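Participant: As input, take final.tsv (TSV, C-alpha atoms):
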```tsv
chain	number	residue	atom	x	y	z
A	6	MET	CA	-20.87	5.00	-18.13
A	7	GLU	CA	-20.85	2.34	-15.43
A	8	GLN	CA	-18.29	-0.43	-15.79
A	9	THR	CA	-19.34	-4.05	-15.69
A	10	PRO	CA	-17.87	-6.42	-13.03
A	11	GLU	CA	-15.77	-7.96	-15.79
A	12	GLU	CA	-14.37	-4.58	-16.84
A	13	LEU	CA	-13.63	-3.61	-13.24
A	14	ALA	CA	-11.85	-6.91	-12.58
A	15	GLU	CA	-9.82	-6.70	-15.81
A	16	ASP	CA	-8.73	-3.15	-15.03
A	17	LEU	CA	-7.68	-4.06	-11.50
A	18	LEU	CA	-5.84	-7.25	-12.49
A	19	SER	CA	-3.94	-5.51	-15.29
A	20	ARG	CA	-2.63	-2.88	-12.84
A	21	LEU	CA	-1.69	-5.37	-10.12
A	22	ARG	CA	2.09	-5.69	-9.70
A	23	MET	CA	3.73	-9.12	-9.80
A	24	GLY	CA	3.37	-10.42	-6.26
A	25	GLY	CA	0.74	-7.75	-5.56
A	26	ILE	CA	-2.15	-8.51	-3.20
A	27	TRP	CA	-5.82	-8.33	-4.20
A	28	GLU	CA	-8.54	-8.62	-1.58
A	29	PRO	CA	-11.97	-8.10	-3.19
A	30	ALA	CA	-14.04	-6.02	-0.77
A	31	GLY	CA	-16.25	-7.98	1.61
A	32	MET	CA	-15.48	-11.43	0.15
A	33	GLY	CA	-13.01	-12.85	2.65
A	34	LEU	CA	-10.54	-13.81	-0.09
A	35	THR	CA	-6.87	-12.92	-0.62
A	36	TYR	CA	-5.26	-13.29	-4.04
A	37	MET	CA	-1.69	-12.70	-5.19
A	38	ARG	CA	-0.54	-12.12	-8.75
A	39	THR	CA	1.91	-14.87	-9.68
A	40	GLY	CA	2.19	-14.64	-13.46
A	41	GLU	CA	1.46	-12.66	-16.59
A	42	LYS	CA	-2.16	-13.85	-16.61
A	43	GLU	CA	-2.23	-15.80	-13.35
A	44	ILE	CA	-3.31	-15.20	-9.76
A	45	GLU	CA	-3.20	-17.51	-6.76
A	46	LEU	CA	-5.79	-17.71	-3.98
A	47	MET	CA	-3.65	-17.38	-0.86
A	48	ALA	CA	-6.27	-17.29	1.88
A	49	GLN	CA	-9.99	-17.71	2.47
A	50	GLU	CA	-12.09	-17.02	5.54
A	51	ASN	CA	-13.95	-20.00	6.98
A	52	THR	CA	-17.43	-18.68	6.21
A	53	SER	CA	-20.11	-19.81	3.76
A	54	HIS	CA	-20.08	-16.31	2.27
A	55	ALA	CA	-16.35	-16.60	1.45
A	56	ALA	CA	-16.83	-20.11	0.05
A	57	GLN	CA	-19.54	-18.90	-2.32
A	58	ALA	CA	-17.50	-15.83	-3.26
A	59	ARG	CA	-14.56	-18.11	-4.12
A	60	ILE	CA	-16.67	-19.93	-6.69
A	61	ARG	CA	-18.01	-16.70	-8.20
A	62	MET	CA	-14.59	-15.07	-8.39
A	63	GLY	CA	-13.08	-18.16	-9.97
A	64	ILE	CA	-15.69	-18.08	-12.72
A	65	LEU	CA	-15.30	-14.32	-13.23
A	66	VAL	CA	-11.50	-14.30	-13.42
A	67	SER	CA	-11.29	-17.43	-15.57
A	68	GLY	CA	-13.74	-15.84	-17.99
A	69	LEU	CA	-11.26	-13.01	-18.48
A	70	GLY	CA	-8.59	-15.43	-19.64
A	71	TRP	CA	-6.71	-15.51	-16.33
A	72	GLN	CA	-5.70	-18.69	-14.52
A	73	VAL	CA	-6.62	-19.05	-10.84
A	74	LYS	CA	-4.41	-21.36	-8.76
A	75	GLU	CA	-6.09	-22.78	-5.64
A	76	ASP	CA	-3.80	-25.60	-4.53
A	77	LYS	CA	-2.26	-23.89	-1.46
A	78	VAL	CA	-5.17	-22.01	0.09
A	79	GLN	CA	-4.91	-21.13	3.77
A	80	ILE	CA	-8.28	-21.24	5.55
A	81	ASN	CA	-8.45	-18.54	8.21
A	82	ASP	CA	-10.69	-18.95	11.24
A	83	VAL	CA	-12.54	-15.66	11.58
A	84	VAL	CA	-15.64	-16.98	13.35
A	85	ASN	CA	-13.81	-17.22	16.69
A	86	GLN	CA	-11.67	-14.09	16.29
A	87	ASP	CA	-12.33	-10.55	17.43
A	88	PRO	CA	-12.00	-7.90	14.69
A	89	PHE	CA	-8.74	-6.47	16.05
A	90	GLN	CA	-7.04	-9.88	16.15
A	91	ARG	CA	-8.25	-10.59	12.64
A	92	HIS	CA	-6.92	-7.26	11.37
A	93	MET	CA	-3.49	-7.79	12.95
A	94	GLU	CA	-3.15	-11.29	11.51
A	95	GLU	CA	-4.13	-10.01	8.06
A	96	MET	CA	-1.50	-7.28	8.24
A	97	VAL	CA	1.18	-9.76	9.30
A	98	ARG	CA	0.26	-12.04	6.40
A	99	ARG	CA	0.37	-9.19	3.88
A	100	GLN	CA	3.76	-8.02	5.17
A	101	GLU	CA	5.19	-11.53	4.96
A	102	ILE	CA	4.06	-11.83	1.34
A	103	ALA	CA	5.37	-8.38	0.42
A	104	GLN	CA	8.75	-8.81	2.08
A	105	THR	CA	9.44	-12.29	0.71
A	106	THR	CA	8.03	-12.14	-2.83
A	107	TRP	CA	7.97	-8.57	-4.19
A	108	LYS	CA	10.94	-8.05	-6.51
A	109	CYS	CA	12.48	-5.54	-8.91
A	110	GLN	CA	10.52	-5.57	-12.16
A	111	THR	CA	13.60	-5.27	-14.37
A	112	PRO	CA	14.09	-8.50	-16.37
A	113	ASP	CA	16.89	-10.74	-15.03
A	114	CYS	CA	17.31	-8.64	-11.87
A	115	GLY	CA	14.94	-10.05	-9.27
A	116	CYS	CA	16.28	-8.11	-6.27
A	117	LEU	CA	13.76	-8.21	-3.43
A	118	LEU	CA	12.19	-4.81	-2.79
A	119	VAL	CA	12.89	-5.20	0.93
A	120	ALA	CA	16.62	-5.12	0.03
A	121	PHE	CA	16.29	-1.71	-1.66
A	122	PRO	CA	17.69	1.32	0.23
A	123	LEU	CA	14.21	2.22	1.47
A	124	GLU	CA	15.52	5.05	3.66
A	125	GLU	CA	16.41	6.89	0.44
A	126	ARG	CA	12.83	6.81	-0.84
A	127	LYS	CA	11.26	9.82	-2.51
A	128	TRP	CA	7.59	10.72	-2.23
A	129	VAL	CA	6.26	11.92	-5.60
A	130	PHE	CA	2.94	13.72	-6.09
A	131	HIS	CA	1.53	13.15	-9.59
A	132	GLY	CA	-1.54	15.39	-9.29
A	133	GLU	CA	-5.18	14.33	-9.26
A	134	GLU	CA	-6.81	11.60	-11.32
A	135	GLU	CA	-10.48	10.93	-11.88
A	136	TYR	CA	-11.95	7.52	-11.07
A	137	GLN	CA	-15.38	6.15	-11.82
A	138	LEU	CA	-17.08	4.43	-8.90
A	139	PRO	CA	-19.29	1.34	-9.37
A	140	ASP	CA	-22.36	3.58	-8.97
A	141	GLY	CA	-21.25	5.69	-11.93
A	142	ASN	CA	-20.11	8.74	-9.95
A	143	VAL	CA	-16.73	10.21	-10.82
A	144	VAL	CA	-14.36	11.30	-8.04
A	145	ALA	CA	-10.95	12.95	-8.11
A	146	GLU	CA	-8.17	11.46	-5.99
A	147	GLU	CA	-4.56	12.40	-5.49
A	148	ARG	CA	-2.03	10.00	-7.00
A	149	TRP	CA	1.21	9.41	-5.13
A	150	THR	CA	4.11	7.03	-5.52
A	151	VAL	CA	7.09	6.31	-3.31
A	152	ASP	CA	10.08	5.94	-5.62
A	153	VAL	CA	12.95	3.68	-4.55
A	154	THR	CA	16.04	2.70	-6.54
A	155	CYS	CA	17.23	-0.86	-7.05
A	156	PRO	CA	20.75	-1.35	-5.62
A	157	ILE	CA	21.55	-3.94	-8.30
A	158	CYS	CA	20.36	-2.47	-11.62
A	159	ASP	CA	19.71	1.18	-10.58
A	160	SER	CA	16.16	1.13	-11.99
A	161	VAL	CA	13.58	3.24	-10.17
A	162	ALA	CA	10.57	1.39	-8.75
A	163	PRO	CA	7.54	3.65	-8.19
A	164	MET	CA	5.56	2.00	-5.39
A	165	ASP	CA	2.02	2.59	-4.21
A	166	PRO	CA	2.21	4.19	-0.72
A	167	TYR	CA	0.31	1.28	0.85
A	168	GLU	CA	2.72	-1.19	-0.75
A	169	PHE	CA	5.69	0.84	0.49
A	170	GLY	CA	4.27	0.70	4.02
A	171	LEU	CA	4.09	-3.10	3.87
A	172	ILE	CA	7.72	-3.30	2.79
A	173	ALA	CA	9.26	-0.53	4.90
A	174	GLY	CA	7.19	-0.49	8.09
A	175	ASP	CA	5.67	2.35	10.10
A	176	GLU	CA	8.86	4.28	10.93
A	177	LEU	CA	9.79	5.09	7.33
A	178	MET	CA	6.15	5.39	6.28
A	179	ASN	CA	5.57	8.11	8.87
A	180	GLU	CA	8.63	10.17	7.94
A	181	PHE	CA	8.59	12.76	5.16
A	182	VAL	CA	11.89	14.28	4.10
A	183	LEU	CA	12.21	17.51	2.14
A	184	PRO	CA	15.50	19.26	1.30
A	185	GLU	CA	14.87	21.85	4.01
A	186	VAL	CA	12.82	20.06	6.67
A	187	THR	CA	12.04	16.54	7.90
A	188	TYR	CA	8.68	15.56	9.39
A	189	ASN	CA	7.97	12.63	11.71
A	190	ALA	CA	4.56	11.55	12.94
A	191	VAL	CA	4.34	11.72	16.74
A	192	GLU	CA	2.33	9.45	19.02
A	193	ARG	CA	0.28	10.75	21.94
A	194	PRO	CA	2.83	10.31	24.79
A	195	ARG	CA	5.46	12.17	22.78
A	196	VAL	CA	2.96	14.92	21.91
A	197	ILE	CA	2.27	15.42	25.62
A	198	GLU	CA	5.99	15.51	26.41
A	199	LEU	CA	6.72	18.07	23.69
A	200	THR	CA	3.73	20.19	24.69
A	201	ASP	CA	4.78	20.20	28.36
A	202	LYS	CA	8.23	21.37	27.29
A	203	ARG	CA	6.65	24.10	25.14
A	204	SER	CA	8.53	22.78	22.14
A	205	ASN	CA	8.49	24.87	18.98
A	206	ASN	CA	8.99	21.79	16.82
A	207	LEU	CA	5.44	20.42	16.98
A	208	ILE	CA	2.93	21.16	14.23
A	209	ILE	CA	-0.40	20.01	12.84
A	210	SER	CA	0.10	19.90	9.09
A	211	GLY	CA	-2.41	20.82	6.45
A	212	THR	CA	-2.24	20.13	2.73
A	213	VAL	CA	1.08	21.92	2.17
A	214	CYS	CA	4.31	22.31	4.10
A	215	PRO	CA	4.20	25.76	5.71
A	216	PHE	CA	7.95	26.22	5.20
A	217	THR	CA	8.38	25.17	1.57
A	218	GLY	CA	4.91	24.98	0.02
A	219	ALA	CA	5.44	21.32	-0.93
A	220	THR	CA	2.34	19.12	-0.94
A	221	MET	CA	2.19	16.85	2.10
A	222	PRO	CA	1.32	13.15	1.72
A	223	PRO	CA	-2.36	12.61	2.67
A	224	HIS	CA	-1.66	10.27	5.60
A	225	LEU	CA	0.44	12.95	7.34
A	226	ARG	CA	-2.18	15.70	7.19
A	227	GLY	CA	-4.15	16.70	10.25
A	228	ILE	CA	-1.98	14.78	12.73
A	229	PRO	CA	0.80	15.92	15.13
A	230	LEU	CA	4.18	16.07	13.44
A	231	MET	CA	7.61	16.91	14.78
A	232	PHE	CA	9.81	18.83	12.35
A	233	THR	CA	13.56	19.29	12.26
A	234	ALA	CA	16.02	20.80	9.80
A	235	THR	CA	17.05	18.27	7.18
A	236	THR	CA	20.75	17.41	7.10
A	237	GLY	CA	22.49	15.84	4.13
A	238	GLU	CA	20.97	15.36	0.72
A	239	GLU	CA	17.29	15.10	-0.15
A	240	GLU	CA	15.79	11.65	0.28
```
What's the structure tokens form of this structure?
Facilitator:
Amino acid sequence: MEQTPEELAEDLLSRLRMGGIWEPAGMGLTYMRTGEKEIELMAQENTSHAAQARIRMGILVSGLGWQVKEDKVQINDVVNQDPFQRHMEEMVRRQEIAQTTWKCQTPDCGCLLVAFPLEERKWVFHGEEEYQLPDGNVVAEERWTVDVTCPICDSVAPMDPYEFGLIAGDELMNEFVLPEVTYNAVERPRVIELTDKRSNNLIISGTVCPFTGATMPPHLRGIPLMFTATTGEEE
């Protein structure tokens, strides 16, 4: 049965972490969760489409019993930007929000996630879950979290992989550590160098690690990876 816009919005808002970012597709709006039943409009594109969407979203979200704060909205000029520049500025803004506002969810802790020992993260595969699309079709998607431990209260914070990438950056995002082997994504110049040297440590990964049978994170499948023997304890 197809969900209504209200049901879709309620489901998404209820799952949004405190400080989490919500950018409704194609609307030119960026929201951040700031309270139990509160979101704040952080940014809006300078288009008539975004201005109209802002009004509609305000009515929709308010009708669900959520408060929408709009007193510090940044208007972004997208009319005079090329798509690449726009994308880079959006990523910088998201990273700034993530690294300065996302905190441990344990009451009375409040340690910023960026201060967690992110290099000790653990990728966890939770199997497949079924989701219903707006058109009514049901699709199965893999569910992953990146688990990191708070250095203050020792609670484990399971993060969405995209959220982990915003906090940790590309280097840690593109490294996958197993007890036996460590994988690192390799860019084109390094691939050429390793190929010219006839290195035996270059591989194109599929769904599972060929050495251990462990499931590989989706973003590291089908791309060149360099592998080395893992030293020390499992991350």
Participant: I'd like the contact shell of Arg195 of chain A - 10 Å cut-off, all atoms listed in the file, skipping same-chain residues fewer than 5 positions apart - returned as a short mmCIF file (atom, residue, chain, number, x, y, z; two decimals) with C-alpha atoms, keeping the file's coordinate frame.
Facilitator:
```
data_model
loop_
_atom_site.label_atom_id
_atom_site.label_comp_id
_atom_site.auth_asym_id
_atom_site.auth_seq_id
_atom_site.Cartn_x
_atom_site.Cartn_y
_atom_site.Cartn_z
CA ALA A 190 4.56 11.55 12.94
CA THR A 200 3.73 20.19 24.69
CA ASP A 201 4.78 20.20 28.36
CA PRO A 229 0.80 15.92 15.13
CA MET A 231 7.61 16.91 14.78
#
```
Participant: I'd like to know which of A:Met23, A:Asn142, A:Thr235, A:Met32 is closest to Lys108 of chain A, using all atoms listed in the file.
Facilitator: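 Looking only at the distances to Lys108 of chain A, the closest residue turns out to be A:Met23.
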Participant: Report the distance between atom CA of Ser210 of chain A and atom CA of Leu225 of chain A in Å, rounded to one decimal place.
Facilitator: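 These two atoms are separated by 7.2 Å.
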Participant: Please provide as a ChimeraX atom specification all residues within 9 Å of His131 of chain A, with the sequence filter that same-chain residues fewer than 3 positions apart are discarded (counting all atoms listed in the file).
Facilitator: /A:134,147-150
Participant: Could you tell me how far atom CA of Ala145 of chain A lies from atom CA of Glu15 of chain A, in Å and to one decimal?
Facilitator: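 Computed distance, atom CA of Ala145 of chain A to atom CA of Glu15 of chain A, equals 21.1 Å.
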Participant: Draw an axis-aligned box tight on the listed atoms of segment 145-158 of chain A, then pad every side by 6 Å and write out centre and edge lengths in Å to one decimal as lines of an AutoDock Vina configuration file.
Facilitator:
```
center_x = 5.3
center_y = 4.5
center_z = -7.5
size_x = 44.5
size_y = 28.9
size_z = 20.3
```
Participant: Which residues, written as a list of chain:residue names, have at least one atom at most 9 Å from Gly170 of chain A, with all atoms listed in the file counted and residues fewer than 5 positions away on the same chain left out?
Facilitator: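 Listing them by chain and then by number gives A:Gln100, A:Asp165, A:Asp175, A:Leu177, A:Met178, A:Asn179.
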Participant: Considering all atoms listed in the file, can you say which of A:Leu21, A:Met96, A:Leu199, A:Leu183 comes closest to Met164 of chain A?
Facilitator: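 Looking at the shortest contact to Met164 of chain A, the residue is A:Leu21.
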Participant: With only C-alpha atoms as the atoms that count, which of A:Ser160, A:Asn51, A:Gln90, A:Thr154 lies nearest to Arg126 of chain A?
Facilitator: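 Answer, going by the shortest atom-to-atom distance: A:Thr154.
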Participant: Rounded to one decimal in Å, what is the spacing between atom CA of Asn205 of chain A and atom CA of Val151 of chain A?
Facilitator: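 These two atoms are separated by 29.0 Å.
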Participant: Which one of A:Glu185, A:Asp159, A:Asp16, A:Asp87 sits closest to Cys114 of chain A if you count all atoms listed in the file?
Facilitator: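 Ranking A:Glu185, A:Asp159, A:Asp16, A:Asp87 by distance to Cys114 of chain A, first place goes to A:Asp159.
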Participant: Applying 6 Å and all atoms listed in the file, which residues near Glu45 of chain A remain after dropping the ones on its own chain fewer than 3 positions away? List them as a list of chain:residue names.
Facilitator: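 With the cut-off at 6 Å, the set is A:Tyr36, A:Met37, A:Val73, A:Lys74.
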Participant: For Val182 of chain A, work out the shell of residues within 12 Å, counting only C-alpha atoms and skipping chain neighbours fewer than 4 positions away, then give it as a ChimeraX atom specification.
Facilitator: /A:124-129,151,177-178,186-190,214,217,219-222,225,231-240
Participant: Check the smallest atom-to-atom distance from each of A:Gln79, A:Cys116, A:Ala14, A:Glu168 to Ile26 of chain A using only C-alpha atoms, then report the winner.
Facilitator: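 Distance minimum relative to Ile26 of chain A lands on A:Glu168.
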Participant: Name the closest residue to Trp71 of chain A among the candidates A:Pro194, A:Pro156, A:Gly40, A:Gly24; distances are taken between atoms, counting only C-alpha atoms.
Facilitator: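 The answer is A:Gly40, which sits nearest to Trp71 of chain A.
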Participant: Could you complete segment 205-235 of chain A so that it carries N, CA and C atoms, and give it back as an mmCIF file, in the frame of the given file?
Facilitator:
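File part23.cif, as written:
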```
data_model
loop_
_atom_site.group_PDB
_atom_site.id
_atom_site.type_symbol
_atom_site.label_atom_id
_atom_site.label_comp_id
_atom_site.auth_asym_id
_atom_site.auth_seq_id
_atom_site.Cartn_x
_atom_site.Cartn_y
_atom_site.Cartn_z
ATOM 1 N N ASN A 205 8.875 24.143 20.196
ATOM 2 C CA ASN A 205 8.490 24.870 18.980
ATOM 3 C C ASN A 205 8.557 23.987 17.741
ATOM 4 N N ASN A 206 8.809 22.698 17.945
ATOM 5 C CA ASN A 206 8.990 21.790 16.820
ATOM 6 C C ASN A 206 7.797 20.853 16.599
ATOM 7 N N LEU A 207 6.655 21.229 17.140
ATOM 8 C CA LEU A 207 5.440 20.420 16.980
ATOM 9 C C LEU A 207 4.449 21.190 16.117
ATOM 10 N N ILE A 208 3.831 20.492 15.157
ATOM 11 C CA ILE A 208 2.930 21.160 14.230
ATOM 12 C C ILE A 208 1.825 20.208 13.801
ATOM 13 N N ILE A 209 0.669 20.762 13.493
ATOM 14 C CA ILE A 209 -0.400 20.010 12.840
ATOM 15 C C ILE A 209 -0.402 20.446 11.384
ATOM 16 N N SER A 210 -0.061 19.525 10.488
ATOM 17 C CA SER A 210 0.100 19.900 9.090
ATOM 18 C C SER A 210 -1.218 19.913 8.342
ATOM 19 N N GLY A 211 -1.285 20.805 7.374
ATOM 20 C CA GLY A 211 -2.410 20.820 6.450
ATOM 21 C C GLY A 211 -2.016 20.162 5.143
ATOM 22 N N THR A 212 -2.512 20.710 4.031
ATOM 23 C CA THR A 212 -2.240 20.130 2.730
ATOM 24 C C THR A 212 -0.824 20.406 2.244
ATOM 25 N N VAL A 213 -0.262 21.561 2.645
ATOM 26 C CA VAL A 213 1.080 21.920 2.170
ATOM 27 C C VAL A 213 2.004 22.189 3.346
ATOM 28 N N CYS A 214 3.284 21.987 3.095
ATOM 29 C CA CYS A 214 4.310 22.310 4.100
ATOM 30 C C CYS A 214 4.351 23.824 4.282
ATOM 31 N N PRO A 215 4.220 24.311 5.499
ATOM 32 C CA PRO A 215 4.200 25.760 5.710
ATOM 33 C C PRO A 215 5.547 26.435 5.467
ATOM 34 N N PHE A 216 6.619 25.649 5.392
ATOM 35 C CA PHE A 216 7.950 26.220 5.200
ATOM 36 C C PHE A 216 8.376 26.253 3.742
ATOM 37 N N THR A 217 7.903 25.284 2.956
ATOM 38 C CA THR A 217 8.380 25.170 1.570
ATOM 39 C C THR A 217 7.263 25.240 0.536
ATOM 40 N N GLY A 218 6.015 25.008 0.969
ATOM 41 C CA GLY A 218 4.910 24.980 0.020
ATOM 42 C C GLY A 218 4.727 23.645 -0.672
ATOM 43 N N ALA A 219 5.565 22.656 -0.329
ATOM 44 C CA ALA A 219 5.440 21.320 -0.930
ATOM 45 C C ALA A 219 4.159 20.650 -0.452
ATOM 46 N N THR A 220 3.545 19.850 -1.309
ATOM 47 C CA THR A 220 2.340 19.120 -0.940
ATOM 48 C C THR A 220 2.692 17.998 0.017
ATOM 49 N N MET A 221 1.946 17.878 1.100
ATOM 50 C CA MET A 221 2.190 16.850 2.100
ATOM 51 C C MET A 221 1.445 15.566 1.713
ATOM 52 N N PRO A 222 2.031 14.401 1.958
ATOM 53 C CA PRO A 222 1.320 13.150 1.720
ATOM 54 C C PRO A 222 0.029 13.100 2.539
ATOM 55 N N PRO A 223 -1.049 12.582 1.984
ATOM 56 C CA PRO A 223 -2.360 12.610 2.670
ATOM 57 C C PRO A 223 -2.356 12.015 4.069
ATOM 58 N N HIS A 224 -1.593 10.939 4.293
ATOM 59 C CA HIS A 224 -1.660 10.270 5.600
ATOM 60 C C HIS A 224 -0.961 11.067 6.703
ATOM 61 N N LEU A 225 -0.229 12.130 6.338
ATOM 62 C CA LEU A 225 0.440 12.950 7.340
ATOM 63 C C LEU A 225 -0.250 14.290 7.552
ATOM 64 N N ARG A 226 -1.424 14.456 7.007
ATOM 65 C CA ARG A 226 -2.180 15.700 7.190
ATOM 66 C C ARG A 226 -3.119 15.576 8.385
ATOM 67 N N GLY A 227 -3.197 16.664 9.141
ATOM 68 C CA GLY A 227 -4.150 16.700 10.250
ATOM 69 C C GLY A 227 -3.743 15.912 11.470
ATOM 70 N N ILE A 228 -2.468 15.514 11.555
ATOM 71 C CA ILE A 228 -1.980 14.780 12.730
ATOM 72 C C ILE A 228 -0.749 15.495 13.278
ATOM 73 N N PRO A 229 -0.391 15.265 14.554
ATOM 74 C CA PRO A 229 0.800 15.920 15.130
ATOM 75 C C PRO A 229 2.074 15.427 14.452
ATOM 76 N N LEU A 230 2.898 16.379 14.057
ATOM 77 C CA LEU A 230 4.180 16.070 13.440
ATOM 78 C C LEU A 230 5.283 16.846 14.142
ATOM 79 N N MET A 231 6.423 16.215 14.304
ATOM 80 C CA MET A 231 7.610 16.910 14.780
ATOM 81 C C MET A 231 8.473 17.231 13.578
ATOM 82 N N PHE A 232 8.980 18.457 13.494
ATOM 83 C CA PHE A 232 9.810 18.830 12.350
ATOM 84 C C PHE A 232 11.190 19.262 12.809
ATOM 85 N N THR A 233 12.174 18.911 11.996
ATOM 86 C CA THR A 233 13.560 19.290 12.260
ATOM 87 C C THR A 233 14.198 19.687 10.941
ATOM 88 N N ALA A 234 15.286 20.427 11.011
ATOM 89 C CA ALA A 234 16.020 20.800 9.800
ATOM 90 C C ALA A 234 16.634 19.567 9.187
ATOM 91 N N THR A 235 16.477 19.423 7.878
ATOM 92 C CA THR A 235 17.050 18.270 7.180
ATOM 93 C C THR A 235 18.565 18.464 7.040
#
```
